[in-house]
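J.: The following block contains the structure, expressed as structure tokens.
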Amino acid sequence: MYIANNEDFVETAEEAAVYTDMKDKAGLKIDKDIPLSVASYIDSAHAGEQPTIVVGDLHGKHKIVDAVLALNQPVVFIGDYLDSFCESFDSQIKTITKVLDAVENGKAIALMGNHEMSYLNPDMKSSGYNDSMSSLLMSDFRNGKTIRSAMHELLLPYYFAEGFLISHAGVSNKILKYTNATLDEYLDERKFGDIGWARGGDSRIGGLYWCDWDEEFEPIPYQRQIVGHSVRSDGKIGVKMNSYCIDVLDHGYKTKTIVEIKDGRLSTRNIKIKHHV
């Protein structure tokens, strides 16, 4: 169905961040510190005619990762792979490791969500945080990296594709007005961890990892956005002018809704999961 267009993370030196602007080919910039697999993905993701798939908050639903990657299209995962009140620790670890593996193998772009930041920054603990999960994230990923350090290295804060700014929670026009910043200035500053009043924080408006769609998000007139973070209780894509909230996977249906973007247009696509996820 077509929808009309209407860190303060402290880590060891070897786990230094690779957060770099990711833009589509029109303004491609490849930083020397970006992992080769990610750079290769950026260089080729928009070379073909296939739409880019954007996947909402997974929270341990690892079978969706398999189903989406099997489509062999450019993929962007929007964050929140961890923490669930219904999925097992095993399912959550499978989800994050499958996503990280896809990034390392040049099959996907994956963004950071507040539930991942929850385990990287002690000041950003989210609902669902669990000490046992924190310990599991210290398990080996590969090549001497833990899952936790791989998250820090491979997950990006935002990504541009097909004219859309894709991030976990979005950049509200309110925060730009409140800070008197342009969008470029805000993205360059990279202070994304503000937790707004709507989510129990001390900030007036939530940042890119925390902005609440219902209470805080105001579209930026000149920039289309795709966000997650704020679950849609009715399972339908949220629409505000030129922006979309796709946090719709947290439902028990075997048919899951993802979105595709191409030439500045967004459409929904249903995928079927063989077993309950």
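Naming works like this for the structure tokens: A, B, ... for the chains as they're shown, residue 1 at the start of each chain, ligands 1 onward in shown order.
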Which residues of segment 133-220 of chain A have any atom within 12 Å of an atom in segment 68-75 of chain A when counting only C-alpha atoms, and what is the closest pair of atoms for each, with the distance in Å to one decimal? Order the rows by chain and rising number and write it as CSV.

T.:
```
residue,atom,partner,partner_atom,distance
A:Tyr159,CA,A:Val75,CA,11.3
A:Ala161,CA,A:Pro74,CA,10.1
A:Glu162,CA,A:Pro74,CA,11.4
A:Ile166,CA,A:Val75,CA,11.7
```

J.: Using Å and a single decimal, report how far atom CA of Ser267 of chain A sits from atom CA of Lys61 of chain A.

T.: 21.9 Å

J.: So how many Å separate atom CA of Ser243 of chain A and atom CA of Gly200 of chain A, to one decimal?

T.: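 Taking atom CA of Ser243 of chain A and atom CA of Gly200 of chain A, their separation equals 24.0 Å.
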
J.: For segment 59-139 of chain A versus segment 178-199 of chain A, which residues have an atom no more than 12 Å away, and what is each residue's nearest atom pair and distance in Å rounded to one decimal, using only C-alpha atoms, chain-then-number order, as CSV?

T.:
```
residue,atom,partner,partner_atom,distance
A:Met112,CA,A:Phe192,CA,10.7
A:Gly113,CA,A:Gly193,CA,10.3
A:Asn114,CA,A:Gly193,CA,8.3
A:His115,CA,A:Gly193,CA,11.7
A:Glu116,CA,A:Gly193,CA,11.9
A:Met117,CA,A:Gly193,CA,8.7
A:Ser118,CA,A:Gly193,CA,10.3
A:Leu120,CA,A:Gly193,CA,11.6
A:Asn121,CA,A:Gly193,CA,9.5
A:Pro122,CA,A:Gly193,CA,11.5
A:Asp123,CA,A:Gly193,CA,9.1
A:Met124,CA,A:Gly193,CA,7.5
A:Lys125,CA,A:Ile195,CA,10.5
A:Ser126,CA,A:Arg199,CA,9.6
A:Ser127,CA,A:Arg199,CA,10.2
```

J.: May I have the residues from that selection written out with N, CA and C atoms, as a PDB file, in the first residue's frame?

T.:
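Listing of selection-v2.pdb after writing:
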```
ATOM      1  N   MET A 112      21.211   2.620  16.017  1.00  0.00           N
ATOM      2  CA  MET A 112      21.190   2.496  17.475  1.00  0.00           C
ATOM      3  C   MET A 112      19.826   2.920  18.001  1.00  0.00           C
ATOM      4  N   GLY A 113      19.292   2.139  18.934  1.00  0.00           N
ATOM      5  CA  GLY A 113      18.060   2.514  19.624  1.00  0.00           C
ATOM      6  C   GLY A 113      18.341   2.828  21.074  1.00  0.00           C
ATOM      7  N   ASN A 114      17.375   3.398  21.761  1.00  0.00           N
ATOM      8  CA  ASN A 114      17.589   3.715  23.175  1.00  0.00           C
ATOM      9  C   ASN A 114      17.812   2.464  24.020  1.00  0.00           C
ATOM     10  N   HIS A 115      17.258   1.322  23.571  1.00  0.00           N
ATOM     11  CA  HIS A 115      17.447   0.095  24.350  1.00  0.00           C
ATOM     12  C   HIS A 115      18.851  -0.475  24.177  1.00  0.00           C
ATOM     13  N   GLU A 116      19.532  -0.140  23.098  1.00  0.00           N
ATOM     14  CA  GLU A 116      20.941  -0.492  22.973  1.00  0.00           C
ATOM     15  C   GLU A 116      21.792   0.491  23.784  1.00  0.00           C
ATOM     16  N   MET A 117      21.482   1.780  23.675  1.00  0.00           N
ATOM     17  CA  MET A 117      22.204   2.779  24.460  1.00  0.00           C
ATOM     18  C   MET A 117      22.074   2.500  25.953  1.00  0.00           C
ATOM     19  N   SER A 118      20.960   1.879  26.326  1.00  0.00           N
ATOM     20  CA  SER A 118      20.714   1.542  27.724  1.00  0.00           C
ATOM     21  C   SER A 118      21.840   0.698  28.314  1.00  0.00           C
ATOM     22  N   LEU A 120      24.987   0.734  27.018  1.00  0.00           N
ATOM     23  CA  LEU A 120      26.258   1.398  26.743  1.00  0.00           C
ATOM     24  C   LEU A 120      26.481   2.626  27.616  1.00  0.00           C
ATOM     25  N   ASN A 121      25.396   3.214  28.053  1.00  0.00           N
ATOM     26  CA  ASN A 121      25.476   4.442  28.845  1.00  0.00           C
ATOM     27  C   ASN A 121      24.605   4.289  30.092  1.00  0.00           C
ATOM     28  N   PRO A 122      25.196   4.265  31.280  1.00  0.00           N
ATOM     29  CA  PRO A 122      24.418   4.025  32.512  1.00  0.00           C
ATOM     30  C   PRO A 122      23.391   5.112  32.813  1.00  0.00           C
ATOM     31  N   ASP A 123      23.505   6.269  32.164  1.00  0.00           N
ATOM     32  CA  ASP A 123      22.542   7.346  32.380  1.00  0.00           C
ATOM     33  C   ASP A 123      21.307   7.223  31.489  1.00  0.00           C
ATOM     34  N   MET A 124      21.262   6.188  30.654  1.00  0.00           N
ATOM     35  CA  MET A 124      20.160   6.060  29.696  1.00  0.00           C
ATOM     36  C   MET A 124      19.441   4.718  29.826  1.00  0.00           C
ATOM     37  N   LYS A 125      19.320   4.199  31.027  1.00  0.00           N
ATOM     38  CA  LYS A 125      18.656   2.913  31.201  1.00  0.00           C
ATOM     39  C   LYS A 125      17.179   3.003  30.834  1.00  0.00           C
ATOM     40  N   SER A 126      16.754   2.071  30.004  1.00  0.00           N
ATOM     41  CA  SER A 126      15.381   2.054  29.511  1.00  0.00           C
ATOM     42  C   SER A 126      14.557   1.019  30.278  1.00  0.00           C
ATOM     43  N   SER A 127      13.245   1.106  30.133  1.00  0.00           N
ATOM     44  CA  SER A 127      12.381   0.063  30.681  1.00  0.00           C
ATOM     45  C   SER A 127      12.757  -1.249  30.005  1.00  0.00           C
TER      46      SER A 127
END
```

J.: Measure the distance from atom CA of Ile205 of chain A to atom CA of Ile175 of chain A in Å and round it to one decimal.

T.: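 These atoms are spaced 6.1 Å apart.
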
J.: Please, which residues of segment 28-223 of chain A, numbered as in this document, come out strand (DSSP E or B) from DSSP, as a list in words?

T.: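 Going through segment 28-223 of chain A, the strand (DSSP E or B) residues come out as Thr52, Ile53, Val54, Val55, Val75, Val76, Phe77, Ile109, Ala110, Leu111, Asp140, Phe141, Arg142, Lys145, Thr146, Leu156, Tyr158, Tyr159, Phe160, Ala161, Phe164, Leu165, Ile166, Ser167, Gly196, Ser203, Ile220 and Gln223 of chain A.
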
J.: Out of segment 120-200 of chain A, which residues get helix (DSSP H, G or I) from DSSP, as a CSV table (one decimal) with N, CA and C atoms, in the first residue's frame?

T.:
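So result34.csv came out as:
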```
chain,number,residue,atom,x,y,z
A,122,PRO,N,25.2,4.3,31.3
A,122,PRO,CA,24.4,4.0,32.5
A,122,PRO,C,23.4,5.1,32.8
A,123,ASP,N,23.5,6.3,32.2
A,123,ASP,CA,22.5,7.3,32.4
A,123,ASP,C,21.3,7.2,31.5
A,124,MET,N,21.3,6.2,30.7
A,124,MET,CA,20.2,6.1,29.7
A,124,MET,C,19.4,4.7,29.8
A,131,ASP,N,20.1,-6.8,34.2
A,131,ASP,CA,21.5,-7.1,34.5
A,131,ASP,C,22.0,-8.4,33.8
A,132,SER,N,21.1,-9.3,33.7
A,132,SER,CA,21.5,-10.6,33.1
A,132,SER,C,21.7,-10.4,31.6
A,133,MET,N,20.9,-9.5,31.0
A,133,MET,CA,21.2,-9.2,29.6
A,133,MET,C,22.5,-8.5,29.4
A,134,SER,N,22.8,-7.6,30.4
A,134,SER,CA,24.0,-6.8,30.3
A,134,SER,C,25.2,-7.8,30.4
A,135,SER,N,25.1,-8.8,31.2
A,135,SER,CA,26.2,-9.8,31.2
A,135,SER,C,26.3,-10.6,29.9
A,136,LEU,N,25.2,-10.9,29.4
A,136,LEU,CA,25.2,-11.7,28.1
A,136,LEU,C,25.8,-10.9,27.0
A,147,ILE,N,29.7,-8.7,22.1
A,147,ILE,CA,28.5,-8.2,21.4
A,147,ILE,C,28.3,-6.7,21.7
A,148,ARG,N,28.6,-6.4,23.0
A,148,ARG,CA,28.5,-5.0,23.4
A,148,ARG,C,29.4,-4.0,22.6
A,149,SER,N,30.7,-4.4,22.5
A,149,SER,CA,31.6,-3.6,21.7
A,149,SER,C,31.2,-3.5,20.2
A,150,ALA,N,30.7,-4.6,19.7
A,150,ALA,CA,30.3,-4.7,18.3
A,150,ALA,C,29.1,-3.7,18.1
A,151,MET,N,28.2,-3.7,19.1
A,151,MET,CA,27.1,-2.7,19.0
A,151,MET,C,27.6,-1.3,18.9
A,152,HIS,N,28.5,-1.0,19.8
A,152,HIS,CA,29.1,0.4,19.8
A,152,HIS,C,29.8,0.7,18.5
A,153,GLU,N,30.4,-0.3,17.9
A,153,GLU,CA,31.2,0.0,16.7
A,153,GLU,C,30.3,0.0,15.4
A,154,LEU,N,29.3,-0.8,15.3
A,154,LEU,CA,28.6,-1.0,14.1
A,154,LEU,C,27.3,-0.3,14.0
A,173,ASN,N,11.2,19.1,15.2
A,173,ASN,CA,11.4,20.5,14.9
A,173,ASN,C,11.4,21.3,16.1
A,174,LYS,N,10.7,20.8,17.2
A,174,LYS,CA,10.7,21.5,18.5
A,174,LYS,C,12.1,21.6,19.1
A,175,ILE,N,12.9,20.6,18.9
A,175,ILE,CA,14.3,20.6,19.5
A,175,ILE,C,15.2,21.6,18.7
A,176,LEU,N,14.9,21.7,17.4
A,176,LEU,CA,15.7,22.6,16.6
A,176,LEU,C,15.3,24.0,17.0
A,177,LYS,N,14.1,24.3,17.2
A,177,LYS,CA,13.7,25.6,17.6
A,177,LYS,C,14.1,25.9,19.0
A,178,TYR,N,14.1,25.0,19.9
A,178,TYR,CA,14.5,25.2,21.3
A,178,TYR,C,16.0,25.4,21.4
A,179,THR,N,16.8,24.7,20.6
A,179,THR,CA,18.2,24.9,20.7
A,179,THR,C,18.7,25.9,19.7
A,183,LEU,N,19.1,21.6,11.2
A,183,LEU,CA,19.1,20.1,11.3
A,183,LEU,C,20.6,19.7,11.1
A,184,ASP,N,21.3,20.2,10.2
A,184,ASP,CA,22.7,19.8,10.0
A,184,ASP,C,23.5,20.1,11.3
A,185,GLU,N,23.3,21.2,11.9
A,185,GLU,CA,24.0,21.5,13.2
A,185,GLU,C,23.7,20.5,14.2
A,186,TYR,N,22.4,20.2,14.3
A,186,TYR,CA,22.0,19.2,15.4
A,186,TYR,C,22.7,17.9,15.1
A,187,LEU,N,22.7,17.4,13.9
A,187,LEU,CA,23.3,16.1,13.6
A,187,LEU,C,24.8,16.1,13.8
A,188,ASP,N,25.4,17.2,13.4
A,188,ASP,CA,26.9,17.3,13.6
A,188,ASP,C,27.2,17.4,15.1
A,189,GLU,N,26.4,18.0,15.9
A,189,GLU,CA,26.7,18.1,17.3
A,189,GLU,C,26.6,16.8,18.1
A,197,TRP,N,10.6,15.1,29.0
A,197,TRP,CA,9.6,14.9,30.1
A,197,TRP,C,8.6,13.8,29.8
A,198,ALA,N,8.3,13.6,28.5
A,198,ALA,CA,7.3,12.6,28.1
A,198,ALA,C,7.8,11.2,28.4
A,199,ARG,N,9.1,11.0,28.5
A,199,ARG,CA,9.6,9.7,28.8
A,199,ARG,C,10.3,9.6,30.2
```

J.: For segment 220-228 of chain A, please output as a list in words all residues within 8 Å (counting only C-alpha atoms; exclusion window: fewer than 3 positions along the same chain).

T.: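 With the cut-off at 8 Å, the set is Gly56, Asp57, Ile78, Gly79, Gly163, Phe164, Leu165, Ile166, Ser167, His168, Ala169, Gly170, Val171, Ser172, Asn173, Val231, Asn242, Ser243, Tyr244, Cys245, Ile246 and Asp247 of chain A.
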
J.: Which is closer to Phe160 of chain A than all the others in A:Thr52, A:Ser88, A:Asn143, A:Ser203, using only C-alpha atoms?

T.: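 With only C-alpha atoms as the atom set, the closest residue is A:Thr52.
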
J.: Can you tell me which residues surround Arg232 of chain A at a distance of at most 7 Å, considering only C-alpha atoms, apart from same-chain residues fewer than 3 positions away, and format the answer as a PyMOL selection string?

T.: chain A and resi 235-236+247-248

J.: Take the residues from that selection and put them in a file with C-alpha atoms, as a PDB file, in the first residue's frame.

T.:
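Once everything was written out, this is again_13.pdb:
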```pdb
ATOM      1  CA  GLY A 235      -0.507  -1.642  14.536  1.00  0.00           C
ATOM      2  CA  LYS A 236      -0.816   1.044  11.847  1.00  0.00           C
ATOM      3  CA  ASP A 247       7.045   0.914  15.365  1.00  0.00           C
ATOM      4  CA  VAL A 248       4.348  -1.611  14.454  1.00  0.00           C
TER       5      VAL A 248
END
```

J.: I want to know what sits within 10 Å of Phe89 of chain A, based on only C-alpha atoms, with residues of the same chain fewer than 5 positions away left out; could you give that as a list in words?

T.: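 After dropping sequence-adjacent residues, the list is Gly60, Leu82, Asp83, Ser84, Lys94, Thr95, Asn130, Ser132, Met133 and Leu136 of chain A.
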
J.: Kindly export the residues of the current selection with N, CA and C atoms, as a PDB file, in the first residue's frame.

T.:
```
ATOM      1  N   GLY A  60      13.724  -8.478  20.038  1.00  0.00           N
ATOM      2  CA  GLY A  60      13.898  -9.917  20.167  1.00  0.00           C
ATOM      3  C   GLY A  60      13.223 -10.777  19.123  1.00  0.00           C
ATOM      4  N   LEU A  82      16.913  -5.210  21.514  1.00  0.00           N
ATOM      5  CA  LEU A  82      16.947  -5.842  22.834  1.00  0.00           C
ATOM      6  C   LEU A  82      15.732  -5.457  23.670  1.00  0.00           C
ATOM      7  N   ASP A  83      15.630  -6.092  24.826  1.00  0.00           N
ATOM      8  CA  ASP A  83      14.624  -5.813  25.850  1.00  0.00           C
ATOM      9  C   ASP A  83      13.220  -6.173  25.373  1.00  0.00           C
ATOM     10  N   SER A  84      12.628  -7.093  26.096  1.00  0.00           N
ATOM     11  CA  SER A  84      11.282  -7.551  25.758  1.00  0.00           C
ATOM     12  C   SER A  84      10.664  -8.173  26.997  1.00  0.00           C
ATOM     13  N   LYS A  94      19.902 -13.572  19.817  1.00  0.00           N
ATOM     14  CA  LYS A  94      19.877 -13.962  18.404  1.00  0.00           C
ATOM     15  C   LYS A  94      19.572 -12.762  17.520  1.00  0.00           C
ATOM     16  N   THR A  95      18.645 -11.910  17.958  1.00  0.00           N
ATOM     17  CA  THR A  95      18.267 -10.747  17.152  1.00  0.00           C
ATOM     18  C   THR A  95      19.441  -9.801  16.968  1.00  0.00           C
ATOM     19  N   ASN A 130      18.003  -5.167  31.913  1.00  0.00           N
ATOM     20  CA  ASN A 130      18.158  -6.334  32.772  1.00  0.00           C
ATOM     21  C   ASN A 130      19.646  -6.611  32.975  1.00  0.00           C
ATOM     22  N   SER A 132      21.079  -9.341  33.739  1.00  0.00           N
ATOM     23  CA  SER A 132      21.466 -10.595  33.087  1.00  0.00           C
ATOM     24  C   SER A 132      21.747 -10.367  31.607  1.00  0.00           C
ATOM     25  N   MET A 133      20.926  -9.541  30.958  1.00  0.00           N
ATOM     26  CA  MET A 133      21.176  -9.213  29.563  1.00  0.00           C
ATOM     27  C   MET A 133      22.493  -8.456  29.424  1.00  0.00           C
ATOM     28  N   LEU A 136      25.186 -10.938  29.358  1.00  0.00           N
ATOM     29  CA  LEU A 136      25.206 -11.699  28.108  1.00  0.00           C
ATOM     30  C   LEU A 136      25.845 -10.903  26.973  1.00  0.00           C
TER      31      LEU A 136
END
```
